[in-house]
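Note: the block below is entry.cif and it holds mmCIF, C-alpha atoms.
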data_query
#
loop_
_atom_site.label_atom_id
_atom_site.label_comp_id
_atom_site.auth_asym_id
_atom_site.auth_seq_id
_atom_site.Cartn_x
_atom_site.Cartn_y
_atom_site.Cartn_z
CA MET Y 1 0.00 0.00 0.00
CA SER Y 2 2.79 2.48 0.84
CA VAL Y 3 4.57 1.82 -2.49
CA GLU Y 4 1.39 2.40 -4.51
CA LEU Y 5 0.73 5.61 -2.60
CA GLU Y 6 4.22 6.91 -3.35
CA ARG Y 7 3.77 6.18 -7.07
CA ALA Y 8 0.46 8.02 -7.09
CA GLU Y 9 2.10 11.03 -5.52
CA VAL Y 10 5.12 11.06 -7.87
CA GLU Y 11 3.40 10.56 -11.22
CA PRO Y 12 1.08 13.61 -11.16
CA ALA Y 13 4.00 15.81 -10.15
CA GLY Y 14 6.02 14.61 -13.13
CA VAL Y 15 3.13 15.21 -15.51
CA GLU Y 16 2.63 18.73 -14.16
CA SER Y 17 6.36 19.53 -14.47
CA TYR Y 18 6.38 18.36 -18.09
CA ALA Y 19 3.27 20.40 -18.91
CA GLN Y 20 4.94 23.57 -17.60
CA TYR Y 21 8.01 23.25 -19.85
CA ARG Y 22 8.31 26.08 -22.41
CA ALA Y 23 10.86 26.37 -25.19
CA LEU Y 24 13.19 29.36 -25.24
CA SER Y 25 12.41 31.40 -28.35
CA ALA Y 26 15.36 31.38 -30.75
CA MET Y 27 14.32 34.75 -32.15
CA ALA Y 28 14.32 36.22 -28.65
CA VAL Y 29 17.91 35.10 -28.13
CA ILE Y 30 18.92 36.43 -31.55
CA SER Y 31 17.29 39.77 -30.72
CA GLY Y 32 19.26 39.96 -27.48
CA VAL Y 33 22.54 39.30 -29.28
CA LEU Y 34 21.73 41.84 -32.00
CA GLY Y 35 20.86 44.36 -29.32
CA LEU Y 36 24.37 44.07 -27.88
CA LEU Y 37 25.96 44.25 -31.33
CA SER Y 38 23.91 47.34 -32.18
CA ILE Y 39 26.51 49.55 -30.52
CA SER Y 40 28.41 49.21 -33.82
CA ALA Y 41 25.79 51.52 -35.37
CA MET Y 42 27.73 54.35 -33.70
CA LEU Y 43 30.52 53.78 -36.24
CA THR Y 44 28.90 54.00 -39.66
CA TRP Y 45 25.50 54.24 -41.34
CA SER Y 46 26.04 50.92 -43.12
CA LEU Y 47 25.85 49.06 -39.79
CA PHE Y 48 22.34 50.33 -39.05
CA VAL Y 49 21.13 47.03 -40.46
CA ILE Y 50 22.08 45.43 -37.10
CA PRO Y 51 19.75 47.43 -34.79
CA VAL Y 52 17.00 47.29 -37.41
CA ALA Y 53 17.29 43.49 -37.48
CA GLY Y 54 17.34 43.47 -33.66
CA ILE Y 55 14.07 45.43 -33.50
CA ILE Y 56 12.37 43.22 -36.09
CA THR Y 57 13.41 39.92 -34.49
CA GLY Y 58 12.55 41.22 -31.02
CA THR Y 59 9.07 42.31 -32.13
CA LEU Y 60 8.40 38.98 -33.86
CA ALA Y 61 9.65 37.08 -30.80
CA LEU Y 62 7.40 39.05 -28.46
CA ARG Y 63 4.38 38.40 -30.65
CA ARG Y 64 5.06 34.68 -30.76
CA ILE Y 65 5.72 34.42 -27.02
CA ARG Y 66 2.62 36.40 -26.05
CA ALA Y 67 0.44 34.53 -28.52
CA ASN Y 68 1.70 31.16 -27.20
CA PRO Y 69 2.61 31.72 -23.53
CA ALA Y 70 2.31 28.03 -22.73
CA GLU Y 71 4.84 27.07 -25.43
CA TYR Y 72 7.52 29.77 -25.51
CA THR Y 73 9.59 31.78 -23.05
CA GLY Y 74 12.30 34.42 -23.52
CA GLU Y 75 10.28 37.62 -23.27
CA GLY Y 76 13.11 39.23 -21.30
CA PHE Y 77 15.62 38.54 -24.10
CA ALA Y 78 13.24 39.94 -26.71
CA LEU Y 79 12.48 43.08 -24.69
CA ALA Y 80 16.15 43.72 -23.91
CA GLY Y 81 17.18 43.15 -27.53
CA SER Y 82 14.47 45.44 -28.88
CA MET Y 83 15.21 48.21 -26.38
CA LEU Y 84 18.99 48.09 -26.90
CA SER Y 85 18.55 48.05 -30.65
CA MET Y 86 16.25 51.07 -30.53
CA LEU Y 87 18.60 52.90 -28.16
CA PHE Y 88 21.67 52.43 -30.36
CA LEU Y 89 19.68 53.15 -33.52
CA VAL Y 90 18.69 56.56 -32.18
CA ALA Y 91 22.07 57.23 -30.56
CA GLY Y 92 23.94 56.18 -33.68
CA ALA Y 93 21.82 58.36 -35.95
CA SER Y 94 22.28 61.34 -33.63
CA TRP Y 95 26.04 60.87 -33.32
CA LEU Y 96 26.70 60.31 -37.03
CA SER Y 97 24.49 63.26 -37.94
CA TYR Y 98 26.46 65.44 -35.54
CA CYS Y 99 29.76 64.21 -37.01
CA TYR Y 100 28.55 64.89 -40.54
CA ALA Y 101 27.42 68.41 -39.62
CA THR Y 102 30.69 69.32 -37.90
CA GLU Y 103 33.39 67.45 -39.85
CA VAL Y 104 33.94 70.09 -42.55
CA PRO Y 105 36.48 72.73 -41.40
CA GLU Y 106 35.34 76.31 -41.54
CA GLY Y 107 35.83 77.92 -44.93
CA HIS Y 108 35.87 74.62 -46.84
CA GLN Y 109 33.31 73.18 -49.24
CA ARG Y 110 32.21 69.55 -49.05
CA ILE Y 111 32.65 67.80 -52.40
CA SER Y 112 32.23 64.28 -53.73
CA TYR Y 113 33.81 62.30 -56.54
CA ASP Y 114 30.66 62.78 -58.57
CA LEU Y 115 31.68 66.40 -59.23
CA LEU Y 116 34.94 65.18 -60.77
CA GLN Y 117 33.41 62.89 -63.38
CA PRO Y 118 33.10 63.93 -67.05
CA ASP Y 119 29.72 64.11 -68.71
CA GLU Y 120 29.19 60.90 -70.70
CA LYS Y 121 27.15 62.87 -73.22
CA THR Y 122 30.06 65.21 -73.99
CA PRO Y 123 32.61 63.56 -76.31
CA ASN Y 124 36.30 63.76 -75.33
CA GLN Y 125 35.57 65.59 -72.09
CA ILE Y 126 38.10 64.69 -69.37
CA VAL Y 127 37.65 67.42 -66.78
CA PRO Y 128 34.05 68.56 -66.37
CA PRO Y 129 33.11 72.21 -65.66
CA SER Y 130 32.08 71.20 -62.12
CA ALA Y 131 35.70 70.17 -61.42
CA GLN Y 132 37.19 73.20 -63.18
CA GLU Y 133 35.14 75.46 -60.91
CA LEU Y 134 36.81 73.87 -57.86
CA ASP Y 135 40.33 74.74 -59.01
CA GLY Y 136 41.99 76.79 -56.27
CA LYS Y 137 39.05 76.34 -53.87
CA LYS Y 138 39.23 75.00 -50.34
CA VAL Y 139 37.41 71.67 -50.25
CA PHE Y 140 36.64 68.73 -47.98
CA ILE Y 141 36.50 65.18 -49.36
CA LYS Y 142 36.53 61.59 -48.12
CA GLY Y 143 38.24 58.59 -49.68
CA TYR Y 144 40.77 55.80 -49.21
CA VAL Y 145 44.54 55.75 -49.39
CA TYR Y 146 45.71 53.86 -52.48
CA GLN Y 147 48.41 51.33 -51.68
CA PRO Y 148 50.68 50.30 -54.58
CA SER Y 149 52.41 46.95 -54.34
CA GLY Y 150 55.44 47.21 -52.06
CA GLY Y 151 54.67 50.83 -51.24
CA GLN Y 152 55.36 52.68 -48.00
CA MET Y 153 52.84 51.95 -45.26
CA THR Y 154 53.40 54.72 -42.69
CA GLY Y 155 54.68 58.27 -42.52
CA LEU Y 156 53.15 59.18 -45.86
CA LYS Y 157 53.52 62.79 -46.94
CA GLN Y 158 52.07 62.17 -50.39
CA PHE Y 159 49.63 59.56 -51.63
CA VAL Y 160 46.77 58.99 -54.04
CA LEU Y 161 43.25 59.19 -52.64
CA VAL Y 162 40.70 56.97 -54.37
CA ARG Y 163 36.96 56.62 -54.24
CA ASP Y 164 36.33 53.24 -52.61
CA LYS Y 165 37.90 50.22 -50.95
CA GLY Y 166 37.76 48.14 -54.09
CA GLN Y 167 40.13 50.57 -55.76
CA CYS Y 168 42.51 51.10 -52.86
CA CYS Y 169 42.84 47.69 -51.29
CA PHE Y 170 41.70 44.82 -53.51
CA GLY Y 171 43.63 45.18 -56.74
CA GLY Y 172 41.22 47.65 -58.31
CA ASN Y 173 42.17 49.86 -61.21
CA PRO Y 174 40.89 53.36 -60.35
CA LYS Y 175 39.68 55.65 -63.10
CA LEU Y 176 41.65 58.78 -63.81
CA THR Y 177 38.86 60.93 -62.39
CA ASP Y 178 38.57 58.74 -59.28
CA MET Y 179 42.08 59.68 -58.13
CA ILE Y 180 43.40 62.72 -56.27
CA LEU Y 181 47.09 63.23 -55.57
CA VAL Y 182 47.25 64.39 -51.94
CA LYS Y 183 50.20 66.39 -50.64
CA LEU Y 184 50.07 66.75 -46.87
CA GLN Y 185 51.17 70.11 -45.55
CA GLY Y 186 53.18 70.94 -42.41
CA SER Y 187 53.73 68.06 -39.99
CA LEU Y 188 50.79 65.98 -41.23
CA THR Y 189 51.47 62.36 -42.16
CA ALA Y 190 49.20 59.48 -43.08
CA GLU Y 191 49.34 55.70 -43.07
CA PHE Y 192 47.79 53.02 -45.22
CA ASN Y 193 44.76 51.28 -43.76
CA MET Y 194 41.30 50.29 -44.92
CA SER Y 195 39.49 53.09 -43.08
CA VAL Y 196 38.00 56.13 -44.72
CA VAL Y 197 40.22 59.23 -44.72
CA LYS Y 198 38.81 62.74 -44.35
CA LEU Y 199 40.85 65.52 -45.93
CA ALA Y 200 40.55 69.27 -46.35
CA GLY Y 201 42.73 71.63 -48.31
CA THR Y 202 43.18 73.48 -51.59
CA PHE Y 203 42.03 71.64 -54.70
CA HIS Y 204 43.86 71.92 -58.02
CA VAL Y 205 43.23 70.67 -61.53
CA GLU Y 206 46.84 69.99 -62.39
CA PRO Y 207 48.07 66.91 -64.30
CA ALA Y 208 50.93 64.95 -62.72
CA MET Y 209 52.62 61.96 -64.33
CA GLY Y 210 54.06 58.77 -62.89
CA THR Y 211 52.23 58.85 -59.55
CA ASP Y 212 52.55 55.68 -57.45
CA GLY Y 213 52.63 53.49 -60.51
CA LEU Y 214 49.24 54.69 -61.71
CA GLY Y 215 50.52 56.57 -64.73
CA GLY Y 216 49.35 59.97 -63.60
CA VAL Y 217 46.52 62.03 -62.13
CA ILE Y 218 44.72 65.23 -63.07
CA TYR Y 219 43.44 66.28 -59.64
CA GLN Y 220 45.59 67.34 -56.69
CA LEU Y 221 44.92 68.40 -53.12
CA GLU Y 222 47.22 70.39 -50.85
CA ALA Y 223 45.80 69.06 -47.59
CA ASP Y 224 46.10 70.98 -44.36
CA HIS Y 225 43.49 68.93 -42.44
CA LEU Y 226 43.54 65.15 -41.96
CA GLN Y 227 41.02 63.08 -39.98
#
File written out as structure tokens:
Amino acid sequence: MSVELERAEVEPAGVESYAQYRALSAMAVISGVLGLLSISAMLTWSLFVIPVAGIITGTLALRRIRANPAEYTGEGFALAGSMLSMLFLVAGASWLSYCYATEVPEGHQRISYDLLQPDEKTPNQIVPPSAQELDGKKVFIKGYVYQPSGGQMTGLKQFVLVRDKGQCCFGGNPKLTDMILVKLQGSLTAEFNMSVVKLAGTFHVEPAMGTDGLGGVIYQLEADHLQ
């Protein structure tokens, strides 16, 4: 009799424990991880995909958990991931907007490589009017340091600035109008890396031959600001 009574007491408890088991939502965990990684959105606009993904997965996880409370758990992960993702999304947008608004030195004009490209509809045009108008002007531009094979890596006083990473770092062949010969003024020096370089100085339309093995350039920049 005592053995049967013990079995009767144990079995219902086991059934109840099994019935209370809930699976941890995978999307909730992913949202939590993405929420932590969302701090990278403070670095560049391209990484905003991380907090956006964190918000989406967190929202979907919360919906699934709340719609099926007896099957899924992990609401804390989903909430934390969503909140962190939203926090860094807003903080990153604010910080990068502030940097963009304040990065151009006073008296300089922000330009892009688009202004340096010839009009495809104008035959034989090499330097467009938009580039000619910049000759002798103080400008601000971003780009990447071109690294020729076996070239100097640090302490650079002169280098070619190119438009994108594919041209500077992965064997690309930059177009003539995608290159600017940079001459650093004063004590400024640069080094080769894969990060974007921000430069300000006086722009010139002035051909130069035999530059870093590229055969020549037509744009030059006497840079007095380097970021």
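For the choices Y:Thr73, Y:Ser112, Y:Thr202, Y:Ser130, the atom-to-atom distance to Leu181 of chain Y is smallest for Y:Thr202 when using only C-alpha atoms.
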Handout entry: Resolved residues for the PyMOL selection byres ((chain Y and resi 206) around 9) as a PyMOL selection string
Key = chain Y and resi 135+204-205+207-208+217-220
Problem - Near-Met179 of chain Y list (10 Å; all atoms listed in the file; drop same-chain fewer than 3 positions) as a PyMOL selection string - result: chain Y and resi 113+116+143-146+159-163+167+174-176+182+214+216-220
Exercise for the section: Would you mind listing what lies within 10 Å of Arg64 of chain Y as a ChimeraX atom specification, with all atoms listed in the file counted and same-chain residues fewer than 5 positions away left out? Expected result: /Y:25,27-28,58-59,69,71-73,75
Practice task
Please evaluate the PyMOL selection byres ((chain Y and resi 137) around 12) against the displayed coordinates and give the resulting residues as a ChimeraX atom specification.
Solution key: /Y:107-111,130-136,138-140,200-205,220-223
Completion exercise
What separates atom CA of Ser85 of chain Y and atom CA of Ile55 of chain Y is a distance of 5.9 Å
Exercise for the section: Name every residue that the PyMOL selection byres ((chain Y and resi 117) around 9) selects in this structure, writing the answer as a ChimeraX atom specification with chains first and numbers rising. Expected result: /Y:113-116,118-120,126-128,130-131,177-178
Exercise for the section: For segment 90-96 of chain Y, please output as a PyMOL selection string all residues within 9 Å (counting all atoms listed in the file; exclusion window: fewer than 5 positions along the same chain). Expected result: chain Y and resi 38-45+48+85+101
Exercise for the section: Just give me the gap between atom CA of Glu191 of chain Y and atom CA of Gln227 of chain Y in Å, one decimal is fine. Expected result: 11.5 Å
Around all of segment 42-48 of chain Y's listed atoms, make the axis-aligned box with 5 Å on each side and tell me centre and edge lengths in Å to one decimal, as AutoDock Vina command-line options.
--center_x 26.4 --center_y 51.7 --center_z -38.4 --size_x 18.2 --size_y 15.3 --size_z 19.4
Quick one: everything within 12 Å of Leu36 of chain Y, counting all atoms listed in the file, minus sequence neighbours fewer than 2 positions away in the same chain. Send it as a tab-separated table (two decimals) with C-alpha atoms, in the coordinates of the input.
chain	number	residue	atom	x	y	z
Y	29	VAL	CA	17.91	35.10	-28.13
Y	30	ILE	CA	18.92	36.43	-31.55
Y	31	SER	CA	17.29	39.77	-30.72
Y	32	GLY	CA	19.26	39.96	-27.48
Y	33	VAL	CA	22.54	39.30	-29.28
Y	34	LEU	CA	21.73	41.84	-32.00
Y	38	SER	CA	23.91	47.34	-32.18
Y	39	ILE	CA	26.51	49.55	-30.52
Y	40	SER	CA	28.41	49.21	-33.82
Y	41	ALA	CA	25.79	51.52	-35.37
Y	50	ILE	CA	22.08	45.43	-37.10
Y	51	PRO	CA	19.75	47.43	-34.79
Y	53	ALA	CA	17.29	43.49	-37.48
Y	54	GLY	CA	17.34	43.47	-33.66
Y	55	ILE	CA	14.07	45.43	-33.50
Y	77	PHE	CA	15.62	38.54	-24.10
Y	78	ALA	CA	13.24	39.94	-26.71
Y	80	ALA	CA	16.15	43.72	-23.91
Y	81	GLY	CA	17.18	43.15	-27.53
Y	82	SER	CA	14.47	45.44	-28.88
Y	83	MET	CA	15.21	48.21	-26.38
Y	84	LEU	CA	18.99	48.09	-26.90
Y	85	SER	CA	18.55	48.05	-30.65
Y	86	MET	CA	16.25	51.07	-30.53
Y	87	LEU	CA	18.60	52.90	-28.16
Y	88	PHE	CA	21.67	52.43	-30.36
Y	89	LEU	CA	19.68	53.15	-33.52
Problem - For atom CA of Leu156 of chain Y and atom CA of Ser187 of chain Y, the interatomic separation in Å (one decimal) - result: 10.7 Å
